[in-house]
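Engineer: Below is run31.cif; it holds mmCIF, C-alpha atoms.
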```
data_final
#
loop_
_atom_site.group_PDB
_atom_site.id
_atom_site.type_symbol
_atom_site.label_atom_id
_atom_site.label_comp_id
_atom_site.auth_asym_id
_atom_site.auth_seq_id
_atom_site.Cartn_x
_atom_site.Cartn_y
_atom_site.Cartn_z
ATOM 1 C CA MET A 1 133.975 6.876 75.354
ATOM 2 C CA LEU A 2 137.396 7.345 76.877
ATOM 3 C CA ARG A 3 137.180 11.136 76.868
ATOM 4 C CA ALA A 4 138.427 12.684 80.103
ATOM 5 C CA ASN A 5 137.076 15.790 81.680
ATOM 6 C CA ASP A 6 139.604 18.529 82.277
ATOM 7 C CA ALA A 7 142.238 16.653 84.223
ATOM 8 C CA THR A 8 144.432 18.492 86.659
ATOM 9 C CA ALA A 9 147.940 19.311 85.541
ATOM 10 C CA THR A 10 149.315 16.878 88.106
ATOM 11 C CA ASN A 11 147.196 13.989 86.841
ATOM 12 C CA THR A 12 148.061 14.818 83.239
ATOM 13 C CA THR A 13 151.786 14.971 83.995
ATOM 14 C CA ALA A 14 151.609 11.722 85.962
ATOM 15 C CA SER A 15 149.712 10.057 83.105
ATOM 16 C CA ILE A 16 152.276 11.216 80.564
ATOM 17 C CA ALA A 17 155.125 9.963 82.773
ATOM 18 C CA PHE A 18 153.463 6.585 83.387
ATOM 19 C CA LEU A 19 152.564 6.022 79.740
ATOM 20 C CA THR A 20 156.028 7.066 78.609
ATOM 21 C CA ALA A 21 157.549 4.535 81.021
ATOM 22 C CA LEU A 22 155.180 1.899 79.659
ATOM 23 C CA SER A 23 156.276 2.778 76.139
ATOM 24 C CA VAL A 24 159.896 2.074 77.101
ATOM 25 C CA ALA A 25 158.960 -1.518 77.922
ATOM 26 C CA LEU A 26 157.074 -1.782 74.632
ATOM 27 C CA THR A 27 160.031 -0.333 72.727
ATOM 28 C CA LEU A 28 162.310 -2.967 74.207
ATOM 29 C CA GLY A 29 159.859 -5.616 73.017
ATOM 30 C CA PHE A 30 158.957 -4.251 69.606
ATOM 31 C CA ALA A 31 161.906 -1.964 68.665
ATOM 32 C CA CYS A 32 161.053 -0.663 65.197
ATOM 33 C CA ALA A 33 157.351 -1.413 65.631
ATOM 34 C CA ALA A 34 156.833 0.991 68.536
ATOM 35 C CA PRO A 35 153.048 1.479 68.779
ATOM 36 C CA LEU A 36 152.992 5.235 68.229
ATOM 37 C CA ALA A 37 149.649 5.022 66.420
ATOM 38 C CA ALA A 38 148.106 3.386 69.497
ATOM 39 C CA PHE A 39 149.518 6.025 71.828
ATOM 40 C CA GLY A 40 148.457 8.781 69.409
ATOM 41 C CA ALA A 41 144.864 7.549 69.273
ATOM 42 C CA TYR A 42 144.708 6.985 73.023
ATOM 43 C CA ALA A 43 146.110 10.459 73.715
ATOM 44 C CA ALA A 44 143.597 12.096 71.362
ATOM 45 C CA LEU A 45 140.714 10.358 73.125
ATOM 46 C CA ARG A 46 141.919 11.037 76.670
ATOM 47 C CA MET A 47 143.580 14.440 76.635
ATOM 48 C CA SER A 48 143.247 17.897 75.236
ATOM 49 C CA ARG A 49 145.456 18.670 72.234
ATOM 50 C CA GLY A 50 148.522 20.037 74.074
ATOM 51 C CA PRO A 51 148.930 17.187 76.571
ATOM 52 C CA ALA A 52 148.078 14.628 73.863
ATOM 53 C CA LEU A 53 150.849 15.887 71.617
ATOM 54 C CA ALA A 54 153.189 16.069 74.629
ATOM 55 C CA LEU A 55 152.447 12.409 75.395
ATOM 56 C CA VAL A 56 153.131 11.318 71.823
ATOM 57 C CA GLY A 57 156.324 13.378 71.787
ATOM 58 C CA ALA A 58 157.466 11.857 75.083
ATOM 59 C CA VAL A 59 156.712 8.324 73.863
ATOM 60 C CA TRP A 60 158.618 9.006 70.641
ATOM 61 C CA ALA A 61 161.586 10.513 72.521
ATOM 62 C CA ALA A 62 161.693 7.527 74.896
ATOM 63 C CA ASN A 63 161.649 5.194 71.884
ATOM 64 C CA GLN A 64 164.580 7.020 70.341
ATOM 65 C CA VAL A 65 166.625 7.063 73.554
ATOM 66 C CA VAL A 66 166.064 3.350 74.122
ATOM 67 C CA GLY A 67 166.801 2.586 70.479
ATOM 68 C CA PHE A 68 170.086 4.463 70.360
ATOM 69 C CA ALA A 69 171.220 3.570 73.904
ATOM 70 C CA PHE A 70 170.206 -0.099 74.075
ATOM 71 C CA LEU A 71 169.036 -1.431 70.720
ATOM 72 C CA SER A 72 171.998 -0.378 68.603
ATOM 73 C CA PHE A 73 170.194 2.058 66.334
ATOM 74 C CA PRO A 74 172.978 3.342 64.031
ATOM 75 C CA PHE A 75 174.201 6.903 64.528
ATOM 76 C CA THR A 76 173.604 8.024 60.939
ATOM 77 C CA VAL A 77 171.836 10.926 59.301
ATOM 78 C CA GLU A 78 169.444 8.485 57.637
ATOM 79 C CA CYS A 79 168.503 6.885 60.959
ATOM 80 C CA ALA A 80 168.000 10.308 62.557
ATOM 81 C CA ALA A 81 165.783 11.359 59.643
ATOM 82 C CA TRP A 82 163.665 8.225 60.001
ATOM 83 C CA GLY A 83 163.441 8.913 63.725
ATOM 84 C CA LEU A 84 162.079 12.377 62.982
ATOM 85 C CA ALA A 85 159.635 10.864 60.472
ATOM 86 C CA LEU A 86 158.402 8.469 63.181
ATOM 87 C CA GLY A 87 157.890 11.373 65.573
ATOM 88 C CA ALA A 88 155.986 13.400 62.986
ATOM 89 C CA SER A 89 153.939 10.334 62.099
ATOM 90 C CA GLY A 90 152.991 9.796 65.753
ATOM 91 C CA LEU A 91 151.843 13.408 66.051
ATOM 92 C CA LEU A 92 149.820 13.040 62.837
ATOM 93 C CA ALA A 93 148.235 9.887 64.240
ATOM 94 C CA SER A 94 146.998 11.778 67.272
ATOM 95 C CA GLU A 95 145.648 14.612 65.163
ATOM 96 C CA ALA A 96 143.909 12.179 62.793
ATOM 97 C CA ALA A 97 142.175 10.411 65.689
ATOM 98 C CA ARG A 98 140.873 13.606 67.312
ATOM 99 C CA PRO A 99 138.135 14.507 64.787
ATOM 100 C CA MET A 100 136.937 10.878 64.745
ATOM 101 C CA GLN A 101 136.090 10.762 68.473
ATOM 102 C CA ALA A 102 132.349 11.035 67.913
ATOM 103 C CA ARG A 103 132.472 7.972 65.642
ATOM 104 C CA GLY A 104 133.919 5.805 68.382
ATOM 105 C CA MET A 105 137.150 4.389 69.674
ATOM 106 C CA ALA A 106 137.698 1.894 66.870
ATOM 107 C CA VAL A 107 137.261 4.513 64.149
ATOM 108 C CA SER A 108 139.605 6.877 65.991
ATOM 109 C CA PHE A 109 142.220 4.148 66.255
ATOM 110 C CA VAL A 110 141.949 3.176 62.575
ATOM 111 C CA ALA A 111 142.233 6.841 61.553
ATOM 112 C CA ALA A 112 145.363 7.163 63.692
ATOM 113 C CA PHE A 113 146.893 3.997 62.236
ATOM 114 C CA VAL A 114 146.142 4.992 58.630
ATOM 115 C CA ALA A 115 147.632 8.463 59.164
ATOM 116 C CA TYR A 116 150.686 7.001 60.902
ATOM 117 C CA GLU A 117 151.467 4.359 58.303
ATOM 118 C CA GLY A 118 150.353 6.554 55.406
ATOM 119 C CA PHE A 119 152.874 9.231 56.313
ATOM 120 C CA LEU A 120 155.643 6.660 56.757
ATOM 121 C CA PHE A 121 154.706 5.053 53.428
ATOM 122 C CA ALA A 122 154.896 8.446 51.724
ATOM 123 C CA CYS A 123 158.329 9.069 53.275
ATOM 124 C CA THR A 124 159.480 5.632 52.178
ATOM 125 C CA ALA A 125 158.254 6.183 48.616
ATOM 126 C CA ALA A 126 159.733 9.696 48.457
ATOM 127 C CA THR A 127 163.172 8.507 49.534
ATOM 128 C CA GLY A 128 163.181 5.381 47.392
ATOM 129 C CA ALA A 129 163.781 3.258 50.482
ATOM 130 C CA ASP A 130 162.988 -0.450 50.673
ATOM 131 C CA MET A 131 159.221 -1.085 50.675
ATOM 132 C CA THR A 132 159.470 -4.524 52.330
ATOM 133 C CA ALA A 133 157.927 -3.187 55.548
ATOM 134 C CA TYR A 134 154.667 -2.605 53.638
ATOM 135 C CA GLN A 135 154.094 -6.233 52.695
ATOM 136 C CA PRO A 136 150.655 -7.389 53.923
ATOM 137 C CA LEU A 137 152.016 -9.769 56.547
ATOM 138 C CA GLU A 138 154.291 -7.120 58.046
ATOM 139 C CA MET A 139 151.546 -4.462 57.977
ATOM 140 C CA GLY A 140 149.219 -6.928 59.679
ATOM 141 C CA ARG A 141 151.806 -7.519 62.399
ATOM 142 C CA VAL A 142 152.289 -3.782 63.000
ATOM 143 C CA PHE A 143 148.510 -3.226 63.004
ATOM 144 C CA LEU A 144 148.034 -6.054 65.504
ATOM 145 C CA ILE A 145 150.706 -4.662 67.830
ATOM 146 C CA ASN A 146 149.102 -1.229 67.750
ATOM 147 C CA ALA A 147 145.574 -2.598 68.131
ATOM 148 C CA LEU A 148 146.524 -4.727 71.134
ATOM 149 C CA VAL A 149 148.340 -1.855 72.824
ATOM 150 C CA PHE A 150 145.408 0.492 72.162
ATOM 151 C CA ALA A 151 142.915 -2.062 73.494
ATOM 152 C CA GLY A 152 145.104 -2.623 76.553
ATOM 153 C CA LEU A 153 145.333 1.105 77.267
ATOM 154 C CA ALA A 154 141.557 1.435 76.860
ATOM 155 C CA ALA A 155 140.870 -1.548 79.147
ATOM 156 C CA VAL A 156 143.169 -0.284 81.897
ATOM 157 C CA THR A 157 141.533 3.129 81.671
ATOM 158 C CA LYS A 158 138.035 1.627 81.987
ATOM 159 C CA LEU A 159 139.118 -0.437 85.008
ATOM 160 C CA ALA A 160 140.616 2.640 86.660
ATOM 161 C CA GLU A 161 137.439 4.644 86.002
ATOM 162 C CA ARG A 162 135.307 1.881 87.529
ATOM 163 C CA ARG A 163 137.596 1.685 90.548
ATOM 164 C CA ASP A 164 137.416 5.451 91.016
ATOM 165 C CA GLY A 165 133.612 5.352 90.738
ATOM 166 C CA ALA A 166 133.397 2.575 93.324
ATOM 167 C CA VAL A 167 135.682 4.466 95.710
ATOM 168 C CA ARG A 168 133.550 7.606 95.340
ATOM 169 C CA ALA A 169 130.366 5.628 95.964
ATOM 170 C CA ILE A 170 131.783 4.051 99.118
ATOM 171 C CA ALA A 171 133.083 7.389 100.342
ATOM 172 C CA ALA A 172 129.705 9.003 99.670
ATOM 173 C CA ARG A 173 127.896 6.392 101.754
ATOM 174 C CA HIS A 174 130.181 6.988 104.711
ATOM 175 C CA ALA A 175 130.808 10.712 104.428
ATOM 176 C CA PRO A 176 129.012 13.525 106.208
ATOM 177 C CA ARG A 177 126.544 15.500 104.082
ATOM 178 C CA GLU A 178 129.065 18.324 103.486
ATOM 179 C CA ARG A 179 131.617 15.900 102.102
ATOM 180 C CA ILE A 180 129.019 14.471 99.740
ATOM 181 C CA LEU A 181 128.468 17.943 98.340
ATOM 182 C CA ASP A 182 132.241 18.346 97.908
ATOM 183 C CA LEU A 183 132.416 15.039 96.017
ATOM 184 C CA ALA A 184 129.540 16.094 93.769
ATOM 185 C CA ARG A 185 131.445 19.233 92.796
ATOM 186 C CA GLU A 186 134.507 17.206 91.738
#
```
With the file now loaded, output its structure as structure tokens.

Structural biologist:
Amino acid sequence: MLRANDATATNTTASIAFLTALSVALTLGFACAAPLAAFGAYAALRMSRGPALALVGAVWAANQVVGFAFLSFPFTVECAAWGLALGASGLLASEAARPMQARGMAVSFVAAFVAYEGFLFACTAATGADMTAYQPLEMGRVFLINALVFAGLAAVTKLAERRDGAVRAIAARHAPRERILDLARE
């Protein structure tokens, strides 16, 4: 399970900053298919509620800044409203993944994706907007993007955890007894 223990505020802030920067690169590559469901699920599995929602909000805000500044998102009320819908959908994705943690990473991710796209579908239907984005091929593409990003985030996290465990083990072998007790308390 990807669940973190209580991370320090510094580590949490650094994680949010790093993942937000990563999301900028993904936004440049995927534009309107920003993987907010993936980030929402990952945040729910890795962080407590407040930092998780902060991460999703930061990823959404970065997506909007990049979109308006570099990808020619139109400055219209409609575009701003859809931007807000995307942000709300990302937050819902994180909240949908949280109660599914005990059922595993895949279930948490699917719950996040269903909540994310379900909310956007409801907004689309309510406004009478074009439903083309919900064709099976397009939904499959968006699901694949989110699934690959989620899997990548999970893999990097596992590698980092293994590295940290190896560093602790090496340090423990070479540390005085007092230092070993300090490491055990961490």

Engineer: Check which residues satisfy the PyMOL selection byres ((chain A and resi 147-159) around 9) in the file shown, then give them as a PyMOL selection string.

Structural biologist: chain A and resi 2+26+35+37-39+41-42+105+109-110+113+142-146+160-164

Engineer: Convert the output of the PyMOL selection byres ((chain A and resi 68-79) around 12) on the shown file into explicit residues, formatted as number ranges by chain.

Structural biologist: A: 24-25, 27-32, 61-67, 80-86, 123-124, 127, 129

Engineer: Tell me which residues the PyMOL selection byres ((chain A and resi 50) around 12) grabs here, as a PDB file with C-alpha atoms, keeping the file's coordinate frame.

Structural biologist:
```pdb
ATOM      1  CA  ALA A   9     147.940  19.311  85.541  1.00  0.00           C
ATOM      2  CA  THR A  12     148.061  14.818  83.239  1.00  0.00           C
ATOM      3  CA  THR A  13     151.786  14.971  83.995  1.00  0.00           C
ATOM      4  CA  ILE A  16     152.276  11.216  80.564  1.00  0.00           C
ATOM      5  CA  ALA A  43     146.110  10.459  73.715  1.00  0.00           C
ATOM      6  CA  ALA A  44     143.597  12.096  71.362  1.00  0.00           C
ATOM      7  CA  ARG A  46     141.919  11.037  76.670  1.00  0.00           C
ATOM      8  CA  MET A  47     143.580  14.440  76.635  1.00  0.00           C
ATOM      9  CA  SER A  48     143.247  17.897  75.236  1.00  0.00           C
ATOM     10  CA  ARG A  49     145.456  18.670  72.234  1.00  0.00           C
ATOM     11  CA  PRO A  51     148.930  17.187  76.571  1.00  0.00           C
ATOM     12  CA  ALA A  52     148.078  14.628  73.863  1.00  0.00           C
ATOM     13  CA  LEU A  53     150.849  15.887  71.617  1.00  0.00           C
ATOM     14  CA  ALA A  54     153.189  16.069  74.629  1.00  0.00           C
ATOM     15  CA  LEU A  55     152.447  12.409  75.395  1.00  0.00           C
ATOM     16  CA  VAL A  56     153.131  11.318  71.823  1.00  0.00           C
ATOM     17  CA  GLY A  57     156.324  13.378  71.787  1.00  0.00           C
ATOM     18  CA  LEU A  91     151.843  13.408  66.051  1.00  0.00           C
ATOM     19  CA  SER A  94     146.998  11.778  67.272  1.00  0.00           C
ATOM     20  CA  GLU A  95     145.648  14.612  65.163  1.00  0.00           C
TER      21      GLU A  95
END
```

Engineer: Please provide as a PyMOL selection string all residues within 8 Å of Leu36 in chain A, with the sequence filter that same-chain residues fewer than 6 positions apart are discarded (counting only C-alpha atoms).

Structural biologist: chain A and resi 56+59-60+90+93+116+146

Engineer: Could you jot down the CA of Ala97 in chain A to CA of Phe119 in chain A separation for me, Å, one decimal place?

Structural biologist: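 One can read the CA of Ala97 in chain A to CA of Phe119 in chain A distance as 14.3 Å.
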
Engineer: Can you work out which one of A:Leu45, A:Ala122, A:Leu19, A:Ala33 has the shortest atom-to-atom distance to Gln101 in chain A, counting all atoms listed in the file?

Structural biologist: A:Leu45

Engineer: For CA of Glu138 in chain A and CA of Pro99 in chain A, determine how far apart the two atoms are, in Å to one decimal place.

Structural biologist: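 Straight-line distance from CA of Glu138 in chain A to CA of Pro99 in chain A works out to 27.8 Å.
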
Engineer: Do you have the CA of Ser89 in chain A-CA of Val114 in chain A distance handy?

Structural biologist: 10.1 Å

Engineer: Specify the axis-aligned box that encloses all atoms of range 113-121 of chain A listed in the file after padding of 5 Å on each side, stating its centre and edge lengths in Å to one decimal as lines of an AutoDock Vina configuration file.

Structural biologist:
```
center_x = 150.9
center_y = 6.6
center_z = 57.8
size_x = 19.5
size_y = 15.2
size_z = 18.8
```

Engineer: Would you mind completing range 95-109 of chain A to N, CA, C and O atoms and writing the output as a short mmCIF file (atom, residue, chain, number, x, y, z; two decimals), in the coordinates of the input?

Structural biologist:
```
data_model
loop_
_atom_site.label_atom_id
_atom_site.label_comp_id
_atom_site.auth_asym_id
_atom_site.auth_seq_id
_atom_site.Cartn_x
_atom_site.Cartn_y
_atom_site.Cartn_z
N GLU A 95 146.52 13.60 65.78
CA GLU A 95 145.65 14.61 65.16
C GLU A 95 144.59 13.98 64.26
O GLU A 95 143.48 14.50 64.14
N ALA A 96 144.89 12.86 63.64
CA ALA A 96 143.91 12.18 62.79
C ALA A 96 142.81 11.53 63.64
O ALA A 96 141.65 11.45 63.22
N ALA A 97 143.16 11.06 64.82
CA ALA A 97 142.18 10.41 65.69
C ALA A 97 141.20 11.42 66.30
O ALA A 97 140.02 11.11 66.52
N ARG A 98 141.68 12.61 66.59
CA ARG A 98 140.87 13.61 67.31
C ARG A 98 139.51 13.90 66.66
O ARG A 98 138.49 13.83 67.32
N PRO A 99 139.44 14.19 65.37
CA PRO A 99 138.14 14.51 64.79
C PRO A 99 137.21 13.28 64.65
O PRO A 99 136.04 13.43 64.34
N MET A 100 137.73 12.10 64.87
CA MET A 100 136.94 10.88 64.74
C MET A 100 136.33 10.42 66.07
O MET A 100 135.64 9.41 66.12
N GLN A 101 136.55 11.16 67.14
CA GLN A 101 136.09 10.76 68.47
C GLN A 101 134.61 10.42 68.51
O GLN A 101 134.21 9.43 69.12
N ALA A 102 133.80 11.25 67.87
CA ALA A 102 132.35 11.04 67.91
C ALA A 102 131.94 9.74 67.22
O ALA A 102 130.87 9.21 67.47
N ARG A 103 132.79 9.22 66.36
CA ARG A 103 132.47 7.97 65.64
C ARG A 103 132.90 6.73 66.40
O ARG A 103 132.70 5.62 65.93
N GLY A 104 133.56 6.93 67.53
CA GLY A 104 133.92 5.80 68.38
C GLY A 104 135.40 5.53 68.45
O GLY A 104 136.20 6.05 67.66
N MET A 105 135.75 4.71 69.42
CA MET A 105 137.15 4.39 69.67
C MET A 105 137.80 3.66 68.51
O MET A 105 138.92 3.97 68.12
N ALA A 106 137.10 2.69 67.94
CA ALA A 106 137.70 1.89 66.87
C ALA A 106 137.99 2.76 65.65
O ALA A 106 139.07 2.65 65.05
N VAL A 107 137.06 3.63 65.31
CA VAL A 107 137.26 4.51 64.15
C VAL A 107 138.42 5.47 64.42
O VAL A 107 139.26 5.72 63.54
N SER A 108 138.50 5.99 65.63
CA SER A 108 139.60 6.88 65.99
C SER A 108 140.94 6.15 65.87
O SER A 108 141.91 6.71 65.34
N PHE A 109 140.98 4.92 66.35
CA PHE A 109 142.22 4.15 66.26
C PHE A 109 142.60 3.89 64.80
O PHE A 109 143.76 4.07 64.41
#
```
